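Colleague: Coordinates in query_13.cif, mmCIF, C-alpha atoms, are listed below.
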```
data_upload
loop_
_atom_site.group_PDB
_atom_site.id
_atom_site.type_symbol
_atom_site.label_atom_id
_atom_site.label_comp_id
_atom_site.auth_asym_id
_atom_site.auth_seq_id
_atom_site.Cartn_x
_atom_site.Cartn_y
_atom_site.Cartn_z
ATOM 1 C CA MET P 1 62.061 -40.568 110.139
ATOM 2 C CA ALA P 2 62.603 -44.068 111.199
ATOM 3 C CA LYS P 3 63.575 -46.842 108.966
ATOM 4 C CA ALA P 4 61.969 -50.250 109.081
ATOM 5 C CA ASN P 5 63.494 -52.985 106.995
ATOM 6 C CA GLY P 6 65.461 -50.461 105.067
ATOM 7 C CA ARG P 7 62.459 -48.339 104.050
ATOM 8 C CA SER P 8 61.170 -45.134 105.456
ATOM 9 C CA GLU P 9 57.599 -44.804 106.744
ATOM 10 C CA VAL P 10 56.796 -42.425 103.922
ATOM 11 C CA GLU P 11 57.785 -45.000 101.364
ATOM 12 C CA LYS P 12 55.784 -47.657 103.218
ATOM 13 C CA SER P 13 52.627 -45.560 103.309
ATOM 14 C CA ALA P 14 52.982 -44.763 99.598
ATOM 15 C CA LEU P 15 53.386 -48.430 98.890
ATOM 16 C CA ASP P 16 50.334 -49.343 100.916
ATOM 17 C CA LEU P 17 48.198 -46.814 99.071
ATOM 18 C CA GLU P 18 49.113 -48.265 95.732
ATOM 19 C CA HIS P 19 48.091 -51.763 96.761
ATOM 20 C CA GLU P 20 45.033 -50.869 98.785
ATOM 21 C CA LEU P 21 42.038 -53.122 98.210
ATOM 22 C CA PRO P 22 38.500 -51.736 97.760
ATOM 23 C CA ALA P 23 36.383 -51.539 100.860
ATOM 24 C CA GLY P 24 34.472 -54.689 101.795
ATOM 25 C CA SER P 25 30.693 -54.728 101.913
ATOM 26 C CA GLY P 26 30.305 -56.313 105.343
ATOM 27 C CA ASP P 27 32.291 -53.822 107.410
ATOM 28 C CA GLY P 28 30.326 -51.461 109.607
ATOM 29 C CA ASP P 29 33.026 -48.818 109.851
ATOM 30 C CA GLU P 30 32.676 -47.770 106.220
ATOM 31 C CA GLY P 31 31.743 -44.212 105.408
ATOM 32 C CA ALA P 32 29.749 -42.584 102.633
ATOM 33 C CA PRO P 33 31.861 -43.912 99.711
ATOM 34 C CA GLY P 34 30.882 -47.558 100.489
ATOM 35 C CA THR P 35 27.136 -46.777 100.570
ATOM 36 C CA ALA P 36 27.326 -45.051 97.214
ATOM 37 C CA ALA P 37 28.828 -48.187 95.666
ATOM 38 C CA THR P 38 26.013 -50.264 97.163
ATOM 39 C CA ARG P 39 23.395 -47.894 95.788
ATOM 40 C CA GLU P 40 25.019 -48.008 92.351
ATOM 41 C CA SER P 41 24.916 -51.825 92.270
ATOM 42 C CA SER P 42 21.321 -52.023 93.563
ATOM 43 C CA ALA P 43 19.998 -49.562 90.957
ATOM 44 C CA PRO P 44 20.841 -51.826 87.973
ATOM 45 C CA GLU P 45 19.442 -54.806 89.874
ATOM 46 C CA SER P 46 16.116 -53.080 90.483
ATOM 47 C CA GLU P 47 16.016 -51.967 86.848
ATOM 48 C CA LEU P 48 16.773 -55.551 85.798
ATOM 49 C CA GLN P 49 13.919 -56.771 87.992
ATOM 50 C CA LYS P 50 11.550 -54.262 86.345
ATOM 51 C CA VAL P 51 12.612 -55.390 82.858
ATOM 52 C CA LYS P 52 12.177 -59.058 83.833
ATOM 53 C CA ALA P 53 8.712 -58.355 85.253
ATOM 54 C CA GLU P 54 7.736 -56.484 82.093
ATOM 55 C CA ARG P 55 9.071 -59.349 79.937
ATOM 56 C CA ASP P 56 7.100 -61.897 81.968
ATOM 57 C CA SER P 57 3.965 -59.762 81.644
ATOM 58 C CA LEU P 58 4.406 -59.456 77.876
ATOM 59 C CA LEU P 59 5.040 -63.203 77.492
ATOM 60 C CA ASP P 60 1.888 -63.902 79.495
ATOM 61 C CA ARG P 61 -0.129 -61.517 77.320
ATOM 62 C CA LEU P 62 1.343 -63.101 74.180
ATOM 63 C CA SER P 63 0.435 -66.625 75.268
ATOM 64 C CA ARG P 64 -3.093 -65.504 76.157
ATOM 65 C CA ALA P 65 -3.478 -63.756 72.781
ATOM 66 C CA GLN P 66 -2.248 -66.889 70.999
ATOM 67 C CA ALA P 67 -4.736 -69.024 72.922
ATOM 68 C CA GLU P 68 -7.573 -66.602 72.111
ATOM 69 C CA PHE P 69 -6.591 -66.613 68.436
ATOM 70 C CA GLU P 70 -6.512 -70.419 68.341
ATOM 71 C CA ASN P 71 -9.929 -70.593 70.023
ATOM 72 C CA ALA P 72 -11.386 -68.062 67.573
ATOM 73 C CA ARG P 73 -9.954 -70.022 64.630
ATOM 74 C CA ARG P 74 -11.493 -73.269 65.914
ATOM 75 C CA ARG P 75 -14.824 -71.546 66.542
ATOM 76 C CA ALA P 76 -14.880 -70.049 63.021
ATOM 77 C CA SER P 77 -13.981 -73.405 61.476
ATOM 78 C CA LYS P 78 -16.792 -75.125 63.394
ATOM 79 C CA GLU P 79 -19.277 -72.420 62.381
ATOM 80 C CA GLN P 80 -18.298 -72.816 58.723
ATOM 81 C CA GLN P 81 -18.720 -76.593 58.936
ATOM 82 C CA ASP P 82 -22.115 -76.187 60.630
ATOM 83 C CA PHE P 83 -23.169 -73.727 57.929
ATOM 84 C CA ARG P 84 -22.138 -76.195 55.202
ATOM 85 C CA ASP P 85 -24.005 -79.019 56.934
ATOM 86 C CA TYR P 86 -27.199 -76.993 57.275
ATOM 87 C CA ALA P 87 -26.923 -75.652 53.714
ATOM 88 C CA THR P 88 -26.621 -79.229 52.472
ATOM 89 C CA ALA P 89 -29.613 -80.193 54.592
ATOM 90 C CA ASP P 90 -31.720 -77.467 52.953
ATOM 91 C CA ALA P 91 -30.677 -78.706 49.497
ATOM 92 C CA ILE P 92 -31.618 -82.255 50.399
ATOM 93 C CA LYS P 93 -34.994 -81.119 51.787
ATOM 94 C CA SER P 94 -35.847 -79.511 48.446
ATOM 95 C CA LEU P 95 -35.084 -82.795 46.637
ATOM 96 C CA LEU P 96 -37.128 -85.058 48.943
ATOM 97 C CA PRO P 97 -40.482 -84.335 47.211
ATOM 98 C CA VAL P 98 -38.924 -85.529 43.947
ATOM 99 C CA VAL P 99 -37.866 -88.787 45.598
ATOM 100 C CA ASP P 100 -41.393 -89.197 46.997
ATOM 101 C CA SER P 101 -42.882 -88.679 43.530
ATOM 102 C CA LEU P 102 -40.515 -91.242 41.997
ATOM 103 C CA GLU P 103 -41.466 -93.785 44.670
ATOM 104 C CA ARG P 104 -45.177 -93.235 43.969
ATOM 105 C CA ALA P 105 -44.561 -93.542 40.209
ATOM 106 C CA LEU P 106 -42.772 -96.862 40.684
ATOM 107 C CA GLN P 107 -45.644 -98.223 42.820
ATOM 108 C CA ALA P 108 -48.369 -97.193 40.368
ATOM 109 C CA LYS P 109 -49.849 -99.791 37.996
ATOM 110 C CA SER P 110 -50.489 -97.912 34.771
ATOM 111 C CA ASP P 111 -49.851 -98.045 31.050
ATOM 112 C CA ALA P 112 -46.750 -96.601 29.365
ATOM 113 C CA ALA P 113 -48.350 -93.270 28.353
ATOM 114 C CA GLU P 114 -49.511 -92.472 31.901
ATOM 115 C CA PHE P 115 -46.155 -93.588 33.289
ATOM 116 C CA ARG P 116 -44.309 -91.309 30.841
ATOM 117 C CA GLY P 117 -46.561 -88.373 31.775
ATOM 118 C CA GLY P 118 -45.825 -89.008 35.468
ATOM 119 C CA VAL P 119 -42.070 -89.157 34.858
ATOM 120 C CA GLU P 120 -42.229 -85.885 32.902
ATOM 121 C CA LEU P 121 -43.998 -84.230 35.851
ATOM 122 C CA ILE P 122 -41.313 -85.547 38.199
ATOM 123 C CA TYR P 123 -38.623 -84.243 35.839
ATOM 124 C CA LYS P 124 -40.236 -80.768 35.906
ATOM 125 C CA GLN P 125 -40.447 -80.949 39.699
ATOM 126 C CA LEU P 126 -36.736 -81.822 39.877
ATOM 127 C CA GLN P 127 -35.809 -78.983 37.505
ATOM 128 C CA ALA P 128 -37.803 -76.554 39.686
ATOM 129 C CA ALA P 129 -36.020 -77.810 42.831
ATOM 130 C CA LEU P 130 -32.636 -77.345 41.139
ATOM 131 C CA ALA P 131 -33.600 -73.854 39.974
ATOM 132 C CA ARG P 132 -34.501 -72.921 43.587
ATOM 133 C CA LEU P 133 -30.974 -74.029 44.525
ATOM 134 C CA SER P 134 -29.550 -71.793 41.741
ATOM 135 C CA VAL P 135 -28.521 -74.779 39.611
ATOM 136 C CA ASN P 136 -29.192 -74.103 35.935
ATOM 137 C CA ALA P 137 -28.625 -76.119 32.780
ATOM 138 C CA ILE P 138 -26.139 -74.799 30.220
ATOM 139 C CA ALA P 139 -27.710 -74.112 26.822
ATOM 140 C CA SER P 140 -25.658 -75.983 24.240
ATOM 141 C CA LEU P 141 -27.562 -77.161 21.174
ATOM 142 C CA GLY P 142 -27.063 -74.730 18.268
ATOM 143 C CA GLU P 143 -24.757 -72.499 20.337
ATOM 144 C CA PRO P 144 -21.153 -71.678 19.375
ATOM 145 C CA PHE P 145 -18.666 -74.011 21.028
ATOM 146 C CA ASP P 146 -17.364 -72.470 24.265
ATOM 147 C CA PRO P 147 -14.532 -74.408 25.946
ATOM 148 C CA ARG P 148 -15.457 -72.854 29.296
ATOM 149 C CA TYR P 149 -18.840 -74.645 29.290
ATOM 150 C CA HIS P 150 -18.552 -77.392 26.663
ATOM 151 C CA GLU P 151 -16.429 -80.504 26.387
ATOM 152 C CA ALA P 152 -16.063 -81.579 22.760
ATOM 153 C CA ILE P 153 -16.332 -85.340 22.327
ATOM 154 C CA GLU P 154 -16.389 -85.416 18.537
ATOM 155 C CA MET P 155 -16.088 -83.150 15.519
ATOM 156 C CA VAL P 156 -18.831 -83.851 12.942
ATOM 157 C CA GLU P 157 -18.424 -82.816 9.319
ATOM 158 C CA THR P 158 -21.673 -81.188 8.231
ATOM 159 C CA THR P 159 -22.955 -78.296 6.170
ATOM 160 C CA GLU P 160 -26.225 -78.049 8.099
ATOM 161 C CA ALA P 161 -24.736 -76.160 11.042
ATOM 162 C CA PRO P 162 -22.267 -73.279 11.185
ATOM 163 C CA ASP P 163 -18.629 -74.138 11.782
ATOM 164 C CA HIS P 164 -17.691 -74.695 15.459
ATOM 165 C CA HIS P 165 -21.312 -74.809 16.667
ATOM 166 C CA VAL P 166 -22.795 -77.571 18.846
ATOM 167 C CA VAL P 167 -24.805 -80.043 16.760
ATOM 168 C CA GLU P 168 -25.592 -82.614 19.462
ATOM 169 C CA GLU P 169 -25.617 -82.646 23.256
ATOM 170 C CA LEU P 170 -24.629 -86.009 24.741
ATOM 171 C CA GLN P 171 -24.770 -84.939 28.387
ATOM 172 C CA ARG P 172 -26.199 -81.684 29.733
ATOM 173 C CA GLY P 173 -23.891 -79.339 31.626
ATOM 174 C CA TYR P 174 -24.863 -77.405 34.755
ATOM 175 C CA LYS P 175 -23.841 -74.213 36.531
ATOM 176 C CA PHE P 176 -24.327 -73.303 40.171
ATOM 177 C CA LYS P 177 -24.940 -69.551 40.118
ATOM 178 C CA ASP P 178 -21.981 -68.464 37.941
ATOM 179 C CA ARG P 179 -19.776 -71.430 38.753
ATOM 180 C CA LEU P 180 -19.459 -74.421 36.442
ATOM 181 C CA LEU P 181 -20.547 -77.695 38.068
ATOM 182 C CA ARG P 182 -20.156 -79.915 35.037
ATOM 183 C CA PRO P 183 -19.377 -79.074 31.393
ATOM 184 C CA ALA P 184 -21.756 -80.245 28.671
ATOM 185 C CA MET P 185 -20.468 -83.144 26.561
ATOM 186 C CA VAL P 186 -21.143 -82.164 22.960
ATOM 187 C CA LYS P 187 -20.466 -82.892 19.297
ATOM 188 C CA VAL P 188 -19.204 -79.907 17.337
ATOM 189 C CA ALA P 189 -19.788 -79.090 13.650
ATOM 190 C CA ARG P 190 -16.903 -78.788 11.247
ATOM 191 C CA ASN P 191 -17.678 -77.532 7.753
ATOM 192 C CA PRO P 192 -15.628 -79.246 5.077
ATOM 193 C CA GLY P 193 -13.538 -77.077 2.788
ATOM 194 C CA LYS P 194 -12.784 -74.379 5.367
#
```
Please go through the file and, once you have read it, give me the structure as structure tokens.

Modeller:
Amino acid sequence: MAKANGRSEVEKSALDLEHELPAGSGDGDEGAPGTAATRESSAPESELQKVKAERDSLLDRLSRAQAEFENARRRASKEQQDFRDYATADAIKSLLPVVDSLERALQAKSDAAEFRGGVELIYKQLQAALARLSVNAIASLGEPFDPRYHEAIEMVETTEAPDHHVVEELQRGYKFKDRLLRPAMVKVARNPGK
């Protein structure tokens, strides 16, 4: 065994093995262990590429679904507005004959009795048009006071009507189907001594 710089070759080779660097990737004289390391590093990269592609696909699908949802919401809103507009147009059409009758009544030269009879006919025509639109008057006079349909303006002391019953209707109330449009403004009886 020869000594070099005070160390034997056995010691030198042991020292070199301890400090040996991993094999480089560009060397052509590498064996099977270097190719295995390359395969191990390329497998996570290909898996990462698959995950990124799947993420991009899902983000694209999400943005398309959001756009479709927004378009559907706008379309539904426009359809609702169109429906309201056309429903209002139908209501107005049913009231136009009443307006025509009022115009004819104002142009007619007649006495007060004939004029009153004409206005009563127009009033009946208007009530019929409102009934076709499901607008009905609220019965109030003589009925028990109901805060859901009546608005009390005054309490009247009287013995001629039962307590808490409507004795006078100042303004008629109306319902649309089952929904209150306007409460009736009424005076309510209060019996003294109770």

Colleague: Record the distance separating atom CA of P:Arg75 and atom CA of P:Ala89, expressed in Å with one decimal.

Modeller: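 These two atoms are separated by 20.9 Å.
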
Colleague: Would you mind telling me which residue in P:Leu106, P:Glu160, P:Gly117, P:Lys93 lies nearest to P:Leu130 when using only C-alpha atoms?

Modeller: P:Lys93

Colleague: Any idea what's packed within 7 Å of P:His165, counting all atoms listed in the file, ignoring anything in its chain fewer than 6 positions away? Could you give it as a list in words?

Modeller: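 Counting all atoms listed in the file, the residues come to Gly142, Glu143, Pro144, Phe145, Val188 and Ala189 of chain P.
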
Colleague: How many Å separate atom CA of P:Asp100 from atom CA of P:Pro183?

Modeller: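 One can read the atom CA of P:Asp100 to atom CA of P:Pro183 distance as 28.8 Å.
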
Colleague: Can you measure atom CA of P:Ile122 to atom CA of P:Val98 for me? One decimal in Å is fine.

Modeller: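 Separating atom CA of P:Ile122 from atom CA of P:Val98 is a distance of 6.2 Å.
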
Colleague: Can you list, as a VMD selection string, the residues that the PyMOL selection byres ((chain P and resi 125) around 12) selects here?

Modeller: chain P and resid 94 to 102 118 to 124 126 to 132

Colleague: Could you list as a list in words every residue that has an atom within 12 Å of (-14.6, -75.4, 23.6), using the file's coordinates and counting all atoms listed in the file?

Modeller: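 Selection result: Ser140, Glu143, Pro144, Phe145, Asp146, Pro147, Arg148, Tyr149, His150, Glu151, Ala152, Ile153, Glu154, Met155, His164, His165, Val166, Pro183, Ala184, Met185, Val186, Lys187, Val188 and Ala189 of chain P.
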
Colleague: Of the candidates P:Thr88, P:Gln107, P:Thr159, P:Ser42, which one gets nearest to P:Leu133 if we count only C-alpha atoms?

Modeller: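 Checking each of P:Thr88, P:Gln107, P:Thr159, P:Ser42 against P:Leu133, counting only C-alpha atoms, the winner is P:Thr88.
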